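Source file: model-v6.cif (mmCIF, C-alpha atoms and all ligand atoms)
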data_my_file
#
loop_
_atom_site.label_atom_id
_atom_site.label_comp_id
_atom_site.auth_asym_id
_atom_site.auth_seq_id
_atom_site.Cartn_x
_atom_site.Cartn_y
_atom_site.Cartn_z
CA MET A 1 -0.12 -13.89 30.58
CA SER A 2 2.16 -15.82 32.87
CA VAL A 3 5.71 -14.71 33.40
CA GLU A 4 8.41 -16.25 35.52
CA ASN A 5 9.29 -13.04 37.26
CA PRO A 6 6.19 -10.86 37.53
CA GLU A 7 7.01 -7.18 37.03
CA THR A 8 6.86 -4.93 40.02
CA GLN A 9 4.57 -1.93 39.90
CA ASP A 10 7.63 0.23 39.19
CA GLU A 11 8.60 -1.80 36.17
CA ALA A 12 5.14 -1.94 34.62
CA ARG A 13 5.56 1.43 32.92
CA MET A 14 9.29 1.20 32.43
CA PRO A 15 10.45 1.39 28.80
CA TYR A 16 12.51 -1.48 27.49
CA GLN A 17 15.96 -0.83 28.92
CA LEU A 18 18.21 -2.47 26.35
CA PRO A 19 19.39 -1.08 23.02
CA PHE A 20 17.59 -2.15 19.87
CA PRO A 21 19.57 -4.36 17.53
CA ARG A 22 22.30 -2.31 15.98
CA ASP A 23 21.13 -3.08 12.44
CA ALA A 24 17.41 -2.60 13.03
CA GLN A 25 15.76 -0.08 10.74
CA GLU A 26 14.03 3.09 11.84
CA GLU A 27 10.29 3.03 12.36
CA ILE A 28 7.92 5.00 10.12
CA VAL A 29 5.15 7.15 11.56
CA VAL A 30 2.91 9.00 9.14
CA PRO A 31 0.66 11.41 11.05
CA HIS A 32 -1.72 12.01 8.16
CA ALA A 33 -1.95 8.81 6.16
CA ILE A 34 -4.64 10.56 4.16
CA PRO A 35 -2.49 13.60 3.44
CA GLU A 36 -3.48 17.21 3.99
CA ASP A 37 -1.31 18.21 1.02
CA ASP A 38 -2.78 16.74 -2.17
CA ARG A 39 0.66 16.80 -3.84
CA VAL A 40 1.58 13.74 -1.77
CA TRP A 41 -0.78 11.63 -3.94
CA VAL A 42 1.24 10.23 -6.83
CA PRO A 43 -0.71 10.06 -10.11
CA GLN A 44 -1.00 6.49 -11.37
CA ALA A 45 -3.48 6.94 -14.22
CA GLU A 46 -6.28 9.38 -14.97
CA ASN A 47 -8.26 9.80 -11.71
CA VAL A 48 -6.10 7.20 -9.97
CA TRP A 49 -3.42 8.02 -7.38
CA PHE A 50 -1.35 6.23 -4.75
CA ARG A 51 0.04 7.57 -1.50
CA PRO A 52 3.21 5.81 -0.28
CA LEU A 53 3.40 4.77 3.37
CA CYS A 54 6.17 2.17 3.42
CA LEU A 55 8.34 1.35 0.41
CA ASN A 56 10.22 -1.67 1.66
CA ARG A 57 13.06 -2.29 -0.75
CA SER A 58 14.72 -4.65 1.78
CA SER A 59 11.82 -7.11 1.75
CA GLY A 60 10.38 -6.24 -1.64
CA TYR A 61 6.93 -4.95 -0.74
CA TRP A 62 5.08 -1.69 -0.47
CA VAL A 63 2.21 -0.30 1.60
CA ASN A 64 0.17 2.46 0.05
CA LEU A 65 -3.24 4.03 -0.18
CA LEU A 66 -4.90 3.70 -3.56
CA LYS A 67 -7.35 6.48 -4.40
CA VAL A 68 -9.73 6.26 -7.35
CA ARG A 69 -12.18 8.88 -8.53
CA LYS A 70 -13.80 7.11 -11.45
CA SER A 71 -15.80 3.98 -12.00
CA GLY A 72 -14.96 1.11 -14.30
CA VAL A 73 -12.05 -1.28 -14.80
CA LEU A 74 -8.77 -0.21 -13.21
CA SER A 75 -6.44 -3.11 -13.94
CA ARG A 76 -6.13 -6.85 -14.41
CA HIS A 77 -3.19 -8.36 -12.62
CA ARG A 78 -1.67 -11.50 -11.16
CA HIS A 79 -0.15 -11.77 -7.68
CA PRO A 80 2.73 -14.20 -7.18
CA ASN A 81 2.80 -13.03 -3.55
CA PRO A 82 0.13 -12.15 -1.00
CA VAL A 83 -1.67 -8.81 -0.75
CA HIS A 84 -3.54 -7.39 2.23
CA GLY A 85 -6.14 -4.66 1.76
CA TYR A 86 -8.29 -2.51 4.03
CA VAL A 87 -11.06 -0.42 2.46
CA ILE A 88 -11.12 3.06 3.98
CA LYS A 89 -13.69 4.65 1.70
CA GLY A 90 -16.00 3.63 -1.14
CA ARG A 91 -16.14 0.09 -2.52
CA TRP A 92 -14.72 -2.11 -5.26
CA GLU A 93 -14.90 -5.62 -6.61
CA TYR A 94 -13.15 -8.16 -8.81
CA LEU A 95 -14.77 -9.56 -11.96
CA GLU A 96 -13.51 -12.99 -10.85
CA HIS A 97 -15.32 -13.01 -7.47
CA ASP A 98 -18.88 -12.42 -6.34
CA TRP A 99 -18.08 -10.40 -3.23
CA VAL A 100 -17.79 -6.61 -2.90
CA ALA A 101 -15.10 -4.98 -0.77
CA GLU A 102 -17.06 -2.30 1.14
CA THR A 103 -15.86 0.49 3.43
CA GLY A 104 -14.33 -1.21 6.46
CA SER A 105 -13.63 -4.53 4.70
CA TYR A 106 -10.36 -6.41 4.99
CA VAL A 107 -9.28 -8.42 1.95
CA TYR A 108 -6.56 -11.06 1.66
CA GLU A 109 -5.40 -11.79 -1.89
CA PRO A 110 -3.53 -15.11 -1.89
CA PRO A 111 -0.59 -15.88 -4.19
CA GLY A 112 -1.83 -17.15 -7.54
CA GLU A 113 -4.80 -14.78 -7.79
CA THR A 114 -5.35 -13.07 -11.11
CA HIS A 115 -8.16 -10.55 -10.96
CA THR A 116 -9.71 -7.52 -12.61
CA LEU A 117 -10.33 -4.59 -10.30
CA VAL A 118 -13.54 -2.64 -10.88
CA VAL A 119 -14.96 0.37 -9.09
CA PRO A 120 -18.76 0.21 -9.47
CA GLU A 121 -20.92 3.01 -10.85
CA GLY A 122 -21.95 5.58 -8.27
CA VAL A 123 -18.73 5.44 -6.21
CA GLU A 124 -17.34 8.98 -6.23
CA GLU A 125 -14.16 8.15 -4.38
CA MET A 126 -12.54 4.90 -3.30
CA ILE A 127 -9.56 4.77 -0.93
CA THR A 128 -7.99 1.44 0.07
CA MET A 129 -4.80 0.65 1.92
CA PHE A 130 -2.88 -2.17 0.22
CA GLN A 131 0.21 -4.02 1.29
CA VAL A 132 1.54 -5.55 -1.92
CA ASN A 133 4.35 -8.10 -1.78
CA GLY A 134 6.66 -8.68 -4.72
CA VAL A 135 5.04 -7.53 -7.93
CA MET A 136 1.80 -6.52 -9.56
CA TYR A 137 1.98 -8.49 -12.81
CA TYR A 138 -0.39 -6.96 -15.35
CA VAL A 139 -2.05 -9.28 -17.87
CA ASP A 140 -4.71 -9.41 -20.56
CA PRO A 141 -7.72 -11.74 -20.07
CA TRP A 142 -5.64 -14.67 -21.32
CA GLY A 143 -2.67 -14.07 -19.06
CA LYS A 144 -0.44 -12.31 -21.60
CA HIS A 145 2.07 -10.11 -19.79
CA MET A 146 1.28 -6.41 -20.15
CA GLY A 147 3.65 -4.86 -17.59
CA TYR A 148 4.58 -4.96 -13.92
CA GLU A 149 5.15 -2.86 -10.84
CA ASP A 150 7.43 -3.52 -7.89
CA VAL A 151 8.72 -1.49 -4.98
CA PHE A 152 11.42 0.04 -7.19
CA THR A 153 9.05 1.23 -9.93
CA LYS A 154 6.88 2.68 -7.14
CA ILE A 155 9.87 4.55 -5.69
CA ASP A 156 10.77 5.83 -9.17
CA MET A 157 7.23 7.10 -9.74
CA CYS A 158 7.26 8.87 -6.39
CA ARG A 159 10.58 10.57 -7.11
CA ALA A 160 9.49 11.73 -10.56
CA HIS A 161 6.22 13.13 -9.22
CA TYR A 162 7.74 14.78 -6.13
CA ILE A 163 10.32 16.54 -8.29
CA LYS A 164 7.58 17.76 -10.62
CA CYS A 165 5.19 18.96 -7.88
CA GLY A 166 7.89 20.76 -5.88
CA LEU A 167 8.13 18.49 -2.82
CA GLY A 168 11.55 17.40 -4.07
CA GLU A 169 12.97 14.01 -4.98
CA ASP A 170 14.10 13.36 -1.38
CA TYR A 171 10.52 13.58 -0.10
CA VAL A 172 10.04 9.87 -0.78
CA ASP A 173 13.06 8.88 1.34
CA GLN A 174 11.06 8.96 4.60
CA PHE A 175 8.97 6.01 3.34
CA ILE A 176 11.85 3.82 2.15
CA ARG A 177 13.28 1.01 4.32
FE FE B 201 -4.90 -7.39 -6.63
#

Please rewrite the model in this file as structure tokens.
Amino acid sequence: MSVENPETQDEARMPYQLPFPRDAQEEIVVPHAIPEDDRVWVPQAENVWFRPLCLNRSSGYWVNLLKVRKSGVLSRHRHPNPVHGYVIKGRWEYLEHDWVAETGSYVYEPPGETHTLVVPEGVEEMITMFQVNGVMYYVDPWGKHMGYEDVFTKIDMCRAHYIKCGLGEDYVDQFIR
């Protein structure tokens, strides 16, 4: 890297000295993304849970871990906006594509994708981190609208579950920006 005024040895380890922008949001640090307390997993369907990491109401996206402990079809949905995924455990695939997302895989789902998520037989547990922008638009095989999720429905689900499990409705606040 070339800089006009190379830093002196003293400055190399010096923190940035100026204030952050006054309106900048607070960072989020989650020490145990895979939580030690199972109550943090929000039930989504039978044997399907999500764990919120960043619920970004300002930009309309959310980052979560999806955990599945069953095989078969999970959902069919369209993405008007991009999705990024990183497979932490297990594997999954889409009926519309011939690849399999294995442990360690990164997946980019471009806007316009409609796909049917399947966890293959023999996978005891699948955990994937997804960053979902905008909405998950659920459809039948012919594109008929069956429902949707966005960052606000996710926040609502978290609040309802955290009240019920005793963590309290404010527990979700730490993930909201
Ligand atoms: Fe998807």

8 Å shell around ligand FE 201 (chain B) using only C-alpha atoms and all ligand atoms, listed as a ChimeraX atom specification:
/A:76-79,83,109,113-117,136

Surrounding residues of Asp37 in chain A excluding itself and chain neighbours under 3 positions, 12 Å, all atoms listed in the file, as a VMD selection string:
chain A and resid 32 to 34 40 to 42 51 165 to 167

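Comparing the minimum interatomic distances between Ile127 in chain A and each of A:Phe152, A:Pro141, A:Met157, A:Leu66, counting all atoms listed in the file, we find that A:Leu66 sits nearest.
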
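We find CA of Leu74 in chain A and CA of Val118 in chain A to be spaced 5.8 Å apart.
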
Please define a box with edges along x, y and z of the file around all atoms of range 166-176 of chain A given in the file, extend it by 3 Å on each side, and return its centre and edge lengths in Å to one decimal, as AutoDock Vina command-line options.
--center_x 11.0 --center_y 12.3 --center_z -0.6 --size_x 12.2 --size_y 22.9 --size_z 16.5

Which polymer residues, whether protein, DNA or RNA, lie within 7 Å of the coordinate (-0.5, -9.7, 2.9) when you count all atoms listed in the file? List them as a list in words, using the chain letters and numbers from the file.
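Nearby residues: Pro82, Val83, His84, Tyr108, Gln131, Val132 and Asn133 of chain A.
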
What's the 7 Å shell around range 53-60 of chain A, counting only C-alpha atoms, without same-chain residues fewer than 4 positions away, as an NGL selection string?
:A and (64 or 133-134 or 151 or 175-177)

Of the candidates A:Gly143, A:Gly85, A:Pro120, A:Pro19, which shows the shortest atom-to-atom distance to Lys70 in chain A, using all atoms listed in the file?
A:Pro120

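With all atoms listed in the file as the atoms that count, the minimum distance from Val29 in chain A to the choices A:Thr153, A:Ser75, A:Thr103, A:Gln174 is reached by A:Gln174.
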
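Across the model, the gap from CA of Asn81 in chain A to CA of Lys144 in chain A is 18.4 Å.
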
From the list A:Phe50, A:Tyr171, A:Trp142, A:Trp92, the nearest residue to Val73 in chain A using all atoms listed in the file is A:Trp92

So the first atom is CA of Ile155 in chain A and the second is CA of Pro35 in chain A; what is the distance between them in Å, to one decimal place?
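Between CA of Ile155 in chain A and CA of Pro35 in chain A the gap works out to 17.8 Å.
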